[in-house]
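Asks: mmCIF, N, CA and C atoms, saved as upload_19.cif, coming up:
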```
data_coords
loop_
_atom_site.label_atom_id
_atom_site.label_comp_id
_atom_site.auth_asym_id
_atom_site.auth_seq_id
_atom_site.Cartn_x
_atom_site.Cartn_y
_atom_site.Cartn_z
N MET A 634 13.54 1.59 -24.09
CA MET A 634 12.96 2.18 -22.88
C MET A 634 14.07 2.84 -22.08
N PRO A 635 13.92 4.10 -21.75
CA PRO A 635 14.96 4.78 -20.99
C PRO A 635 15.04 4.25 -19.55
N LYS A 636 16.28 4.17 -19.07
CA LYS A 636 16.51 3.75 -17.70
C LYS A 636 16.09 4.88 -16.76
N LEU A 637 15.37 4.54 -15.70
CA LEU A 637 14.95 5.52 -14.71
C LEU A 637 16.10 5.78 -13.74
N ASP A 638 16.31 7.02 -13.40
CA ASP A 638 17.29 7.41 -12.40
C ASP A 638 16.55 7.47 -11.06
N LEU A 639 16.65 6.39 -10.28
CA LEU A 639 15.89 6.31 -9.04
C LEU A 639 16.22 7.44 -8.07
N ASP A 640 17.48 7.87 -8.06
CA ASP A 640 17.87 8.95 -7.16
C ASP A 640 17.22 10.28 -7.54
N ALA A 641 16.80 10.42 -8.79
CA ALA A 641 16.16 11.66 -9.25
C ALA A 641 14.65 11.66 -8.98
N ILE A 642 14.09 10.52 -8.60
CA ILE A 642 12.67 10.43 -8.31
C ILE A 642 12.49 10.68 -6.81
N PRO A 643 11.75 11.71 -6.46
CA PRO A 643 11.65 12.06 -5.04
C PRO A 643 11.00 10.96 -4.21
N GLU A 644 11.51 10.79 -3.01
CA GLU A 644 10.90 9.88 -2.05
C GLU A 644 9.84 10.68 -1.30
N ILE A 645 8.63 10.15 -1.27
CA ILE A 645 7.48 10.84 -0.70
C ILE A 645 7.07 10.14 0.59
N GLN A 646 6.67 10.92 1.58
CA GLN A 646 6.12 10.35 2.81
C GLN A 646 4.84 11.11 3.12
N ARG A 647 3.71 10.56 2.65
CA ARG A 647 2.44 11.21 2.93
C ARG A 647 1.32 10.17 2.83
N THR A 648 0.19 10.53 3.38
CA THR A 648 -0.98 9.67 3.33
C THR A 648 -2.23 10.52 3.31
N GLY A 649 -3.27 9.98 2.72
CA GLY A 649 -4.57 10.64 2.77
C GLY A 649 -5.44 10.11 3.90
N TYR A 650 -4.91 9.15 4.66
CA TYR A 650 -5.69 8.59 5.76
C TYR A 650 -6.06 9.67 6.77
N PRO A 651 -7.28 9.62 7.25
CA PRO A 651 -7.66 10.53 8.33
C PRO A 651 -7.08 10.05 9.67
N GLU A 652 -7.02 10.97 10.64
CA GLU A 652 -6.70 10.55 12.01
C GLU A 652 -7.87 9.72 12.50
N PRO A 653 -7.66 8.68 13.22
CA PRO A 653 -6.44 8.26 13.88
C PRO A 653 -5.64 7.21 13.10
N TYR A 654 -5.90 7.05 11.81
CA TYR A 654 -5.32 5.94 11.05
C TYR A 654 -4.01 6.26 10.35
N ARG A 655 -3.59 7.50 10.37
CA ARG A 655 -2.38 7.87 9.63
C ARG A 655 -1.09 7.56 10.36
N GLY A 656 -1.09 7.48 11.68
CA GLY A 656 0.13 7.27 12.45
C GLY A 656 0.88 5.99 12.09
N ALA A 657 0.16 4.91 11.80
CA ALA A 657 0.80 3.62 11.51
C ALA A 657 1.65 3.67 10.24
N VAL A 658 1.33 4.58 9.32
CA VAL A 658 2.07 4.66 8.06
C VAL A 658 3.04 5.84 8.02
N ALA A 659 3.29 6.45 9.17
CA ALA A 659 4.17 7.62 9.21
C ALA A 659 5.58 7.30 8.73
N GLY A 660 6.04 6.07 8.86
CA GLY A 660 7.37 5.67 8.40
C GLY A 660 7.38 5.01 7.03
N ARG A 661 6.31 5.22 6.26
CA ARG A 661 6.23 4.68 4.89
C ARG A 661 6.71 5.74 3.91
N ASN A 662 7.70 5.37 3.10
CA ASN A 662 8.27 6.28 2.11
C ASN A 662 8.19 5.58 0.75
N TYR A 663 7.86 6.33 -0.29
CA TYR A 663 7.76 5.67 -1.59
C TYR A 663 8.19 6.59 -2.72
N ARG A 664 8.60 5.94 -3.80
CA ARG A 664 8.94 6.63 -5.05
C ARG A 664 7.96 6.15 -6.10
N ARG A 665 7.30 7.09 -6.77
CA ARG A 665 6.29 6.76 -7.79
C ARG A 665 6.97 6.58 -9.15
N LEU A 666 7.34 5.35 -9.43
CA LEU A 666 8.08 5.05 -10.66
C LEU A 666 7.21 5.18 -11.90
N ALA A 667 5.96 4.74 -11.84
CA ALA A 667 5.09 4.82 -13.01
C ALA A 667 4.88 6.27 -13.41
N ASP A 668 4.65 7.13 -12.44
CA ASP A 668 4.47 8.56 -12.74
C ASP A 668 5.72 9.12 -13.41
N ALA A 669 6.90 8.79 -12.87
CA ALA A 669 8.15 9.30 -13.42
C ALA A 669 8.38 8.80 -14.85
N ALA A 670 7.88 7.61 -15.16
CA ALA A 670 8.06 7.03 -16.48
C ALA A 670 6.95 7.40 -17.45
N GLY A 671 5.91 8.07 -16.98
CA GLY A 671 4.79 8.45 -17.84
C GLY A 671 3.79 7.32 -18.07
N LEU A 672 3.83 6.29 -17.22
CA LEU A 672 2.88 5.17 -17.35
C LEU A 672 1.54 5.58 -16.75
N THR A 673 0.44 5.16 -17.39
CA THR A 673 -0.88 5.55 -16.91
C THR A 673 -1.83 4.38 -16.67
N ASP A 674 -1.51 3.18 -17.17
CA ASP A 674 -2.42 2.05 -17.03
C ASP A 674 -2.26 1.30 -15.71
N PHE A 675 -1.11 1.47 -15.06
CA PHE A 675 -0.87 0.81 -13.78
C PHE A 675 0.15 1.60 -12.99
N GLY A 676 0.14 1.38 -11.69
CA GLY A 676 1.08 2.06 -10.81
C GLY A 676 2.25 1.17 -10.47
N VAL A 677 3.42 1.76 -10.30
CA VAL A 677 4.62 1.06 -9.85
C VAL A 677 5.30 1.96 -8.84
N ASN A 678 5.51 1.43 -7.66
CA ASN A 678 6.16 2.20 -6.60
C ASN A 678 7.23 1.35 -5.93
N ILE A 679 8.30 2.00 -5.51
CA ILE A 679 9.24 1.38 -4.59
C ILE A 679 8.90 1.97 -3.23
N CYS A 680 8.63 1.10 -2.28
CA CYS A 680 8.23 1.53 -0.95
C CYS A 680 9.31 1.13 0.06
N ARG A 681 9.64 2.06 0.93
CA ARG A 681 10.59 1.80 2.01
C ARG A 681 9.88 2.01 3.33
N LEU A 682 9.84 0.94 4.14
CA LEU A 682 9.22 1.03 5.46
C LEU A 682 10.31 1.15 6.51
N GLU A 683 10.24 2.18 7.30
CA GLU A 683 11.14 2.31 8.43
C GLU A 683 10.71 1.31 9.50
N PRO A 684 11.61 0.96 10.43
CA PRO A 684 11.22 0.03 11.50
C PRO A 684 9.94 0.49 12.20
N GLY A 685 9.02 -0.44 12.36
CA GLY A 685 7.74 -0.16 13.02
C GLY A 685 6.63 0.33 12.10
N ALA A 686 6.96 0.69 10.87
CA ALA A 686 5.95 1.26 9.96
C ALA A 686 5.12 0.19 9.27
N TRP A 687 3.93 0.59 8.89
CA TRP A 687 3.02 -0.24 8.10
C TRP A 687 3.01 0.28 6.67
N SER A 688 2.74 -0.61 5.71
CA SER A 688 2.59 -0.19 4.31
C SER A 688 1.28 0.54 4.10
N SER A 689 0.28 0.17 4.86
CA SER A 689 -1.07 0.73 4.74
C SER A 689 -1.88 0.17 5.89
N GLN A 690 -3.11 0.63 6.01
CA GLN A 690 -4.06 -0.09 6.85
C GLN A 690 -4.43 -1.36 6.07
N ARG A 691 -4.81 -2.41 6.78
CA ARG A 691 -5.17 -3.65 6.08
C ARG A 691 -6.39 -3.38 5.20
N HIS A 692 -6.30 -3.80 3.91
CA HIS A 692 -7.31 -3.43 2.93
C HIS A 692 -7.39 -4.47 1.81
N TRP A 693 -8.43 -4.34 0.99
CA TRP A 693 -8.53 -5.07 -0.28
C TRP A 693 -9.27 -4.19 -1.28
N HIS A 694 -9.00 -4.45 -2.57
CA HIS A 694 -9.55 -3.62 -3.65
C HIS A 694 -10.62 -4.37 -4.44
N SER A 695 -11.66 -3.66 -4.84
CA SER A 695 -12.73 -4.26 -5.64
C SER A 695 -12.31 -4.47 -7.09
N LYS A 696 -11.50 -3.55 -7.65
CA LYS A 696 -11.18 -3.59 -9.08
C LYS A 696 -9.69 -3.60 -9.39
N GLU A 697 -8.84 -3.38 -8.41
CA GLU A 697 -7.40 -3.26 -8.67
C GLU A 697 -6.64 -4.50 -8.23
N ASP A 698 -5.82 -5.01 -9.14
CA ASP A 698 -4.86 -6.06 -8.80
C ASP A 698 -3.67 -5.42 -8.10
N GLU A 699 -3.03 -6.16 -7.20
CA GLU A 699 -1.81 -5.69 -6.55
C GLU A 699 -0.77 -6.82 -6.54
N PHE A 700 0.49 -6.44 -6.74
CA PHE A 700 1.61 -7.38 -6.71
C PHE A 700 2.74 -6.73 -5.92
N VAL A 701 3.36 -7.50 -5.03
CA VAL A 701 4.44 -7.00 -4.18
C VAL A 701 5.63 -7.94 -4.29
N MET A 702 6.85 -7.36 -4.39
CA MET A 702 8.08 -8.15 -4.36
C MET A 702 9.06 -7.48 -3.41
N MET A 703 9.53 -8.22 -2.43
CA MET A 703 10.51 -7.70 -1.48
C MET A 703 11.85 -7.55 -2.17
N ILE A 704 12.49 -6.40 -1.93
CA ILE A 704 13.81 -6.11 -2.50
C ILE A 704 14.89 -6.26 -1.45
N SER A 705 14.67 -5.68 -0.27
CA SER A 705 15.66 -5.79 0.80
C SER A 705 14.97 -5.70 2.14
N GLY A 706 15.64 -6.20 3.16
CA GLY A 706 15.07 -6.19 4.50
C GLY A 706 14.04 -7.28 4.67
N GLU A 707 13.20 -7.08 5.67
CA GLU A 707 12.20 -8.08 6.02
C GLU A 707 10.94 -7.37 6.51
N ALA A 708 9.80 -7.88 6.09
CA ALA A 708 8.52 -7.35 6.56
C ALA A 708 7.57 -8.53 6.77
N VAL A 709 6.55 -8.32 7.57
CA VAL A 709 5.55 -9.35 7.82
C VAL A 709 4.31 -9.01 7.01
N LEU A 710 3.91 -9.93 6.15
CA LEU A 710 2.68 -9.80 5.39
C LEU A 710 1.55 -10.33 6.26
N ILE A 711 0.56 -9.49 6.50
CA ILE A 711 -0.59 -9.89 7.31
C ILE A 711 -1.82 -9.91 6.42
N THR A 712 -2.44 -11.08 6.32
CA THR A 712 -3.65 -11.27 5.52
C THR A 712 -4.72 -11.90 6.40
N ASP A 713 -5.87 -12.17 5.82
CA ASP A 713 -6.92 -12.85 6.57
C ASP A 713 -6.48 -14.24 7.03
N ALA A 714 -5.53 -14.85 6.31
CA ALA A 714 -5.04 -16.19 6.65
C ALA A 714 -4.00 -16.19 7.76
N GLY A 715 -3.44 -15.02 8.09
CA GLY A 715 -2.42 -14.96 9.14
C GLY A 715 -1.22 -14.16 8.72
N GLU A 716 -0.05 -14.52 9.26
CA GLU A 716 1.17 -13.77 9.04
C GLU A 716 2.22 -14.60 8.31
N THR A 717 2.94 -13.94 7.38
CA THR A 717 4.01 -14.58 6.61
C THR A 717 5.18 -13.61 6.54
N VAL A 718 6.37 -14.08 6.91
CA VAL A 718 7.56 -13.24 6.80
C VAL A 718 7.96 -13.16 5.34
N MET A 719 8.21 -11.94 4.88
CA MET A 719 8.62 -11.69 3.49
C MET A 719 10.07 -11.21 3.50
N ARG A 720 10.91 -11.88 2.68
CA ARG A 720 12.33 -11.54 2.57
C ARG A 720 12.65 -11.27 1.11
N PRO A 721 13.85 -10.72 0.82
CA PRO A 721 14.19 -10.40 -0.57
C PRO A 721 13.91 -11.54 -1.54
N GLY A 722 13.21 -11.18 -2.63
CA GLY A 722 12.81 -12.16 -3.64
C GLY A 722 11.43 -12.73 -3.44
N ASP A 723 10.89 -12.64 -2.23
CA ASP A 723 9.54 -13.15 -1.97
C ASP A 723 8.51 -12.23 -2.64
N CYS A 724 7.46 -12.86 -3.16
CA CYS A 724 6.41 -12.12 -3.88
C CYS A 724 5.04 -12.49 -3.31
N ALA A 725 4.10 -11.58 -3.43
CA ALA A 725 2.71 -11.82 -3.05
C ALA A 725 1.82 -11.11 -4.06
N ALA A 726 0.66 -11.70 -4.33
CA ALA A 726 -0.27 -11.12 -5.30
C ALA A 726 -1.67 -11.12 -4.72
N PHE A 727 -2.41 -10.07 -5.06
CA PHE A 727 -3.76 -9.88 -4.56
C PHE A 727 -4.68 -9.52 -5.72
N PRO A 728 -5.40 -10.51 -6.26
CA PRO A 728 -6.30 -10.24 -7.39
C PRO A 728 -7.46 -9.32 -6.99
N ALA A 729 -7.87 -8.49 -7.91
CA ALA A 729 -9.00 -7.59 -7.70
C ALA A 729 -10.23 -8.38 -7.27
N GLY A 730 -10.96 -7.83 -6.32
CA GLY A 730 -12.22 -8.42 -5.90
C GLY A 730 -12.10 -9.53 -4.87
N LEU A 731 -10.88 -10.01 -4.61
CA LEU A 731 -10.69 -11.05 -3.60
C LEU A 731 -10.66 -10.38 -2.23
N ALA A 732 -11.64 -10.67 -1.40
CA ALA A 732 -11.78 -10.01 -0.10
C ALA A 732 -10.80 -10.60 0.92
N ASP A 733 -9.50 -10.45 0.64
CA ASP A 733 -8.44 -10.90 1.54
C ASP A 733 -7.63 -9.66 1.92
N ALA A 734 -8.01 -9.03 3.01
CA ALA A 734 -7.35 -7.79 3.43
C ALA A 734 -5.89 -8.08 3.77
N HIS A 735 -5.02 -7.13 3.42
CA HIS A 735 -3.58 -7.35 3.54
C HIS A 735 -2.84 -6.04 3.79
N HIS A 736 -1.66 -6.17 4.37
CA HIS A 736 -0.68 -5.09 4.46
C HIS A 736 0.63 -5.68 4.93
N LEU A 737 1.70 -4.88 4.85
CA LEU A 737 3.02 -5.28 5.32
C LEU A 737 3.37 -4.44 6.53
N VAL A 738 4.02 -5.06 7.50
CA VAL A 738 4.46 -4.38 8.71
C VAL A 738 5.94 -4.67 8.90
N ASN A 739 6.72 -3.64 9.14
CA ASN A 739 8.15 -3.82 9.39
C ASN A 739 8.37 -3.96 10.89
N ARG A 740 8.60 -5.18 11.34
CA ARG A 740 8.85 -5.44 12.76
C ARG A 740 10.34 -5.57 13.06
N SER A 741 11.17 -5.33 12.06
CA SER A 741 12.61 -5.47 12.24
C SER A 741 13.22 -4.14 12.70
N ASP A 742 14.53 -4.15 12.87
CA ASP A 742 15.22 -2.92 13.28
C ASP A 742 15.95 -2.26 12.11
N ALA A 743 15.60 -2.66 10.88
CA ALA A 743 16.20 -2.08 9.67
C ALA A 743 15.09 -1.78 8.67
N ASP A 744 15.38 -0.93 7.69
CA ASP A 744 14.40 -0.62 6.66
C ASP A 744 14.03 -1.86 5.86
N ALA A 745 12.80 -1.91 5.39
CA ALA A 745 12.32 -2.95 4.48
C ALA A 745 11.92 -2.25 3.19
N VAL A 746 12.38 -2.77 2.04
CA VAL A 746 12.11 -2.14 0.75
C VAL A 746 11.43 -3.16 -0.16
N PHE A 747 10.35 -2.72 -0.82
CA PHE A 747 9.64 -3.62 -1.73
C PHE A 747 9.07 -2.84 -2.91
N LEU A 748 8.85 -3.57 -3.98
CA LEU A 748 8.24 -3.04 -5.20
C LEU A 748 6.76 -3.37 -5.16
N VAL A 749 5.93 -2.39 -5.51
CA VAL A 749 4.49 -2.59 -5.58
C VAL A 749 4.02 -2.25 -6.98
N VAL A 750 3.28 -3.15 -7.60
CA VAL A 750 2.69 -2.93 -8.92
C VAL A 750 1.19 -3.13 -8.77
N GLY A 751 0.41 -2.20 -9.29
CA GLY A 751 -1.03 -2.33 -9.20
C GLY A 751 -1.73 -1.68 -10.36
N SER A 752 -2.89 -2.24 -10.70
CA SER A 752 -3.70 -1.63 -11.74
C SER A 752 -4.28 -0.33 -11.21
N ASP A 753 -4.69 0.53 -12.10
CA ASP A 753 -5.20 1.85 -11.70
C ASP A 753 -6.60 2.01 -12.26
N LYS A 754 -7.60 1.77 -11.45
CA LYS A 754 -8.98 1.78 -11.90
C LYS A 754 -9.76 2.88 -11.18
N ALA A 755 -10.34 3.78 -11.94
CA ALA A 755 -11.09 4.90 -11.37
C ALA A 755 -12.31 4.43 -10.59
N ASP A 756 -12.86 3.28 -10.94
CA ASP A 756 -14.07 2.80 -10.27
C ASP A 756 -13.77 1.80 -9.16
N ASP A 757 -12.52 1.76 -8.70
CA ASP A 757 -12.14 0.87 -7.62
C ASP A 757 -12.71 1.37 -6.30
N ALA A 758 -13.06 0.44 -5.43
CA ALA A 758 -13.43 0.75 -4.05
C ALA A 758 -12.48 -0.03 -3.16
N CYS A 759 -12.11 0.56 -2.04
CA CYS A 759 -11.15 -0.06 -1.14
C CYS A 759 -11.83 -0.28 0.22
N THR A 760 -11.76 -1.52 0.70
CA THR A 760 -12.39 -1.89 1.95
C THR A 760 -11.33 -2.11 3.02
N TYR A 761 -11.55 -1.55 4.20
CA TYR A 761 -10.66 -1.67 5.35
C TYR A 761 -11.44 -2.37 6.46
N PRO A 762 -11.37 -3.70 6.56
CA PRO A 762 -12.25 -4.43 7.47
C PRO A 762 -11.96 -4.23 8.95
N ASP A 763 -10.73 -3.82 9.31
CA ASP A 763 -10.36 -3.74 10.72
C ASP A 763 -10.71 -2.40 11.37
N ILE A 764 -11.04 -1.40 10.56
CA ILE A 764 -11.25 -0.05 11.09
C ILE A 764 -12.50 0.57 10.47
N ASP A 765 -12.95 1.67 11.02
CA ASP A 765 -14.15 2.36 10.52
C ASP A 765 -13.77 3.30 9.38
N MET A 766 -13.37 2.69 8.26
CA MET A 766 -12.98 3.49 7.11
C MET A 766 -13.28 2.71 5.83
N HIS A 767 -13.65 3.44 4.79
CA HIS A 767 -13.93 2.88 3.48
C HIS A 767 -13.54 3.93 2.44
N LEU A 768 -13.09 3.47 1.29
CA LEU A 768 -12.81 4.38 0.18
C LEU A 768 -13.71 3.95 -0.97
N PRO A 769 -14.85 4.63 -1.15
CA PRO A 769 -15.79 4.23 -2.19
C PRO A 769 -15.26 4.54 -3.58
N ARG A 770 -15.98 4.07 -4.57
CA ARG A 770 -15.59 4.35 -5.96
C ARG A 770 -15.56 5.84 -6.23
N GLY A 771 -14.65 6.22 -7.11
CA GLY A 771 -14.57 7.63 -7.50
C GLY A 771 -13.63 8.42 -6.62
N ASP A 772 -13.74 9.75 -6.70
CA ASP A 772 -12.82 10.64 -6.00
C ASP A 772 -13.43 11.28 -4.76
N GLY A 773 -14.42 10.64 -4.16
CA GLY A 773 -15.11 11.24 -3.03
C GLY A 773 -14.32 11.28 -1.74
N GLY A 774 -13.24 10.56 -1.63
CA GLY A 774 -12.45 10.53 -0.41
C GLY A 774 -12.95 9.48 0.56
N PHE A 775 -12.23 9.37 1.67
CA PHE A 775 -12.54 8.36 2.67
C PHE A 775 -13.85 8.67 3.38
N THR A 776 -14.57 7.58 3.69
CA THR A 776 -15.80 7.69 4.47
C THR A 776 -15.70 6.71 5.64
N ARG A 777 -16.61 6.91 6.58
CA ARG A 777 -16.80 5.89 7.61
C ARG A 777 -17.61 4.76 6.95
N LYS A 778 -17.70 3.63 7.60
CA LYS A 778 -18.41 2.50 7.01
C LYS A 778 -19.90 2.79 6.82
N ASP A 779 -20.44 3.74 7.59
CA ASP A 779 -21.86 4.10 7.40
C ASP A 779 -22.06 5.10 6.27
N GLY A 780 -20.96 5.49 5.59
CA GLY A 780 -21.05 6.39 4.44
C GLY A 780 -20.82 7.85 4.76
N THR A 781 -20.76 8.23 6.02
CA THR A 781 -20.50 9.63 6.35
C THR A 781 -19.03 9.96 6.05
N PRO A 782 -18.77 11.14 5.54
CA PRO A 782 -17.39 11.49 5.16
C PRO A 782 -16.51 11.70 6.39
N TRP A 783 -15.22 11.46 6.19
CA TRP A 783 -14.23 11.77 7.23
C TRP A 783 -14.01 13.21 7.14
#
```
Would it be possible to restate this file's structure as structure tokens?

Replies:
Amino acid sequence: MPKLDLDAIPEIQRTGYPEPYRGAVAGRNYRRLADAAGLTDFGVNICRLEPGAWSSQRHWHSKEDEFVMMISGEAVLITDAGETVMRPGDCAAFPAGLADAHHLVNRSDADAVFLVVGSDKADDACTYPDIDMHLPRGDGGFTRKDGTPW
């Protein structure tokens, strides 16, 4: 397996979230390692959160597993059960279909870096319980919880 040159993989800072939900992730930067390696069955990203940034809006997936491992810095994992500080080497896993909404928030004054691995399922739906947003199955884009498009 060829070694990936991380410096050659562009760091991306973008989101498909509609306003007003995109501001919280403005300091989220990531490198798409799976894409760079030609992997198609699952996603692998290195994510860097600037101070104050969120990894995402709090969410859970119907069909996709997610796994996170902290590499450097510190972030707070927020789930339905509460808050847990994540430091280098700490891991968290979110099985598909488990309605435990989660995200990471960088409350420190330094960058937080973590690895994210997740399955890639076309029929996945993503639920955001704290806000009026839903991502239904397929490529239809974000909707409000009543089904109207953003």

Asks: Find the residue from A:Ala758, A:Ala686, A:Ala708, A:Leu637 that sits nearest to A:Ala667; use only C-alpha atoms when measuring.

Replies: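 Among the listed residues, the smallest separation from A:Ala667 belongs to A:Leu637.
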
Asks: Carefully work through the PyMOL selection byres ((chain A and resi 755) around 8) for this structure and note down the residues it includes, as a compact mmCIF listing (two decimals) with N, CA and C atoms, in the frame of the given file.

Replies:
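Here's the written file selection_25.txt:
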```
# COMPACT_ATOMS: atom_id res chain seq x y z
N LYS A 696 -11.50 -3.55 -7.65
CA LYS A 696 -11.18 -3.59 -9.08
C LYS A 696 -9.69 -3.60 -9.39
N SER A 752 -2.89 -2.24 -10.70
CA SER A 752 -3.70 -1.63 -11.74
C SER A 752 -4.28 -0.33 -11.21
N ASP A 753 -4.69 0.53 -12.10
CA ASP A 753 -5.20 1.85 -11.70
C ASP A 753 -6.60 2.01 -12.26
N LYS A 754 -7.60 1.77 -11.45
CA LYS A 754 -8.98 1.78 -11.90
C LYS A 754 -9.76 2.88 -11.18
N ASP A 756 -12.86 3.28 -10.94
CA ASP A 756 -14.07 2.80 -10.27
C ASP A 756 -13.77 1.80 -9.16
N ASP A 757 -12.52 1.76 -8.70
CA ASP A 757 -12.14 0.87 -7.62
C ASP A 757 -12.71 1.37 -6.30
N ALA A 758 -13.06 0.44 -5.43
CA ALA A 758 -13.43 0.75 -4.05
C ALA A 758 -12.48 -0.03 -3.16
N PRO A 769 -14.85 4.63 -1.15
CA PRO A 769 -15.79 4.23 -2.19
C PRO A 769 -15.26 4.54 -3.58
N ARG A 770 -15.98 4.07 -4.57
CA ARG A 770 -15.59 4.35 -5.96
C ARG A 770 -15.56 5.84 -6.23
N GLY A 771 -14.65 6.22 -7.11
CA GLY A 771 -14.57 7.63 -7.50
C GLY A 771 -13.63 8.42 -6.62
N ASP A 772 -13.74 9.75 -6.70
CA ASP A 772 -12.82 10.64 -6.00
C ASP A 772 -13.43 11.28 -4.76
```

Asks: According to DSSP computed on the backbone, where in chain A is there strand (DSSP E)? Give the residues as JSON, numbers by chain.

Replies: {"A": [661, 662, 663, 664, 665, 675, 676, 677, 678, 679, 680, 681, 682, 693, 694, 699, 700, 701, 702, 703, 704, 705, 708, 709, 710, 711, 712, 715, 716, 717, 718, 719, 724, 725, 726, 727, 736, 737, 738, 745, 746, 747, 748, 749, 750, 751, 752, 759, 760, 761, 766, 767, 768]}

Asks: Interatomic distance between atom CA of A:Asp763 and atom CA of A:Ile711?

Replies: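 Result for atom CA of A:Asp763 versus atom CA of A:Ile711: 12.0 Å, one decimal.
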
Asks: For a test of reading the model, state the distance in Å between atom CA of A:Cys680 and atom CA of A:Asp765, rounded to one decimal.

Replies: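 A separation of 25.2 Å between them.
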
Asks: Hey, what does DSSP flag as helix (DSSP H, G or I) within chain A? Can you give it to me as JSON, numbers by chain?

Replies: {"A": [639, 640, 641, 656, 657, 658, 666, 667, 668, 669, 670]}

Asks: For the residues in that selection, give me N, CA and C atoms as an mmCIF file, keeping the file's coordinate frame.

Replies:
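The result, stored in result-v6.cif:
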```cif
data_model
loop_
_atom_site.group_PDB
_atom_site.id
_atom_site.type_symbol
_atom_site.label_atom_id
_atom_site.label_comp_id
_atom_site.auth_asym_id
_atom_site.auth_seq_id
_atom_site.Cartn_x
_atom_site.Cartn_y
_atom_site.Cartn_z
ATOM 1 N N LEU A 639 16.650 6.390 -10.280
ATOM 2 C CA LEU A 639 15.890 6.310 -9.040
ATOM 3 C C LEU A 639 16.220 7.440 -8.070
ATOM 4 N N ASP A 640 17.480 7.870 -8.060
ATOM 5 C CA ASP A 640 17.870 8.950 -7.160
ATOM 6 C C ASP A 640 17.220 10.280 -7.540
ATOM 7 N N ALA A 641 16.800 10.420 -8.790
ATOM 8 C CA ALA A 641 16.160 11.660 -9.250
ATOM 9 C C ALA A 641 14.650 11.660 -8.980
ATOM 10 N N GLY A 656 -1.090 7.480 11.680
ATOM 11 C CA GLY A 656 0.130 7.270 12.450
ATOM 12 C C GLY A 656 0.880 5.990 12.090
ATOM 13 N N ALA A 657 0.160 4.910 11.800
ATOM 14 C CA ALA A 657 0.800 3.620 11.510
ATOM 15 C C ALA A 657 1.650 3.670 10.240
ATOM 16 N N VAL A 658 1.330 4.580 9.320
ATOM 17 C CA VAL A 658 2.070 4.660 8.060
ATOM 18 C C VAL A 658 3.040 5.840 8.020
ATOM 19 N N LEU A 666 7.340 5.350 -9.430
ATOM 20 C CA LEU A 666 8.080 5.050 -10.660
ATOM 21 C C LEU A 666 7.210 5.180 -11.900
ATOM 22 N N ALA A 667 5.960 4.740 -11.840
ATOM 23 C CA ALA A 667 5.090 4.820 -13.010
ATOM 24 C C ALA A 667 4.880 6.270 -13.410
ATOM 25 N N ASP A 668 4.650 7.130 -12.440
ATOM 26 C CA ASP A 668 4.470 8.560 -12.740
ATOM 27 C C ASP A 668 5.720 9.120 -13.410
ATOM 28 N N ALA A 669 6.900 8.790 -12.870
ATOM 29 C CA ALA A 669 8.150 9.300 -13.420
ATOM 30 C C ALA A 669 8.380 8.800 -14.850
ATOM 31 N N ALA A 670 7.880 7.610 -15.160
ATOM 32 C CA ALA A 670 8.060 7.030 -16.480
ATOM 33 C C ALA A 670 6.950 7.400 -17.450
#
```

Asks: Using the chain letters and residue numbers of this document, give as JSON, numbers by chain the residues selected by the PyMOL selection byres ((chain A and resi 719) around 5).

Replies: {"A": [707, 708, 709, 710, 717, 718, 720, 721]}

Asks: Using all atoms listed in the file, which protein or nucleic acid residues come within 8 Å of stretch 656-662 of chain A? Drop anything in the same chain fewer than 3 positions from it, and give the result as a PyMOL selection string.

Replies: chain A and resi 643-648+650-653+665+678-690

Asks: Using the chain letters and numbers from the file, which residues does the PyMOL selection byres ((chain A and resi 703) around 5) grab, as a PDB file with N, CA and C atoms, keeping the file's coordinate frame?

Replies:
```
ATOM      1  N   VAL A 701       3.360  -7.500  -5.030  1.00  0.00           N
ATOM      2  CA  VAL A 701       4.440  -7.000  -4.180  1.00  0.00           C
ATOM      3  C   VAL A 701       5.630  -7.940  -4.290  1.00  0.00           C
ATOM      4  N   MET A 702       6.850  -7.360  -4.390  1.00  0.00           N
ATOM      5  CA  MET A 702       8.080  -8.150  -4.360  1.00  0.00           C
ATOM      6  C   MET A 702       9.060  -7.480  -3.410  1.00  0.00           C
ATOM      7  N   ILE A 704      12.490  -6.400  -1.930  1.00  0.00           N
ATOM      8  CA  ILE A 704      13.810  -6.110  -2.500  1.00  0.00           C
ATOM      9  C   ILE A 704      14.890  -6.260  -1.450  1.00  0.00           C
ATOM     10  N   SER A 705      14.670  -5.680  -0.270  1.00  0.00           N
ATOM     11  CA  SER A 705      15.660  -5.790   0.800  1.00  0.00           C
ATOM     12  C   SER A 705      14.970  -5.700   2.140  1.00  0.00           C
ATOM     13  N   ARG A 720      10.910 -11.880   2.680  1.00  0.00           N
ATOM     14  CA  ARG A 720      12.330 -11.540   2.570  1.00  0.00           C
ATOM     15  C   ARG A 720      12.650 -11.270   1.110  1.00  0.00           C
ATOM     16  N   PRO A 721      13.850 -10.720   0.820  1.00  0.00           N
ATOM     17  CA  PRO A 721      14.190 -10.400  -0.570  1.00  0.00           C
ATOM     18  C   PRO A 721      13.910 -11.540  -1.540  1.00  0.00           C
ATOM     19  N   GLY A 722      13.210 -11.180  -2.630  1.00  0.00           N
ATOM     20  CA  GLY A 722      12.810 -12.160  -3.640  1.00  0.00           C
ATOM     21  C   GLY A 722      11.430 -12.730  -3.440  1.00  0.00           C
ATOM     22  N   ASP A 723      10.890 -12.640  -2.230  1.00  0.00           N
ATOM     23  CA  ASP A 723       9.540 -13.150  -1.970  1.00  0.00           C
ATOM     24  C   ASP A 723       8.510 -12.230  -2.640  1.00  0.00           C
ATOM     25  N   VAL A 746      12.380  -2.770   2.040  1.00  0.00           N
ATOM     26  CA  VAL A 746      12.110  -2.140   0.750  1.00  0.00           C
ATOM     27  C   VAL A 746      11.430  -3.160  -0.160  1.00  0.00           C
ATOM     28  N   PHE A 747      10.350  -2.720  -0.820  1.00  0.00           N
ATOM     29  CA  PHE A 747       9.640  -3.620  -1.730  1.00  0.00           C
ATOM     30  C   PHE A 747       9.070  -2.840  -2.910  1.00  0.00           C
ATOM     31  N   LEU A 748       8.850  -3.570  -3.980  1.00  0.00           N
ATOM     32  CA  LEU A 748       8.240  -3.040  -5.200  1.00  0.00           C
ATOM     33  C   LEU A 748       6.760  -3.370  -5.160  1.00  0.00           C
TER      34      LEU A 748
END
```
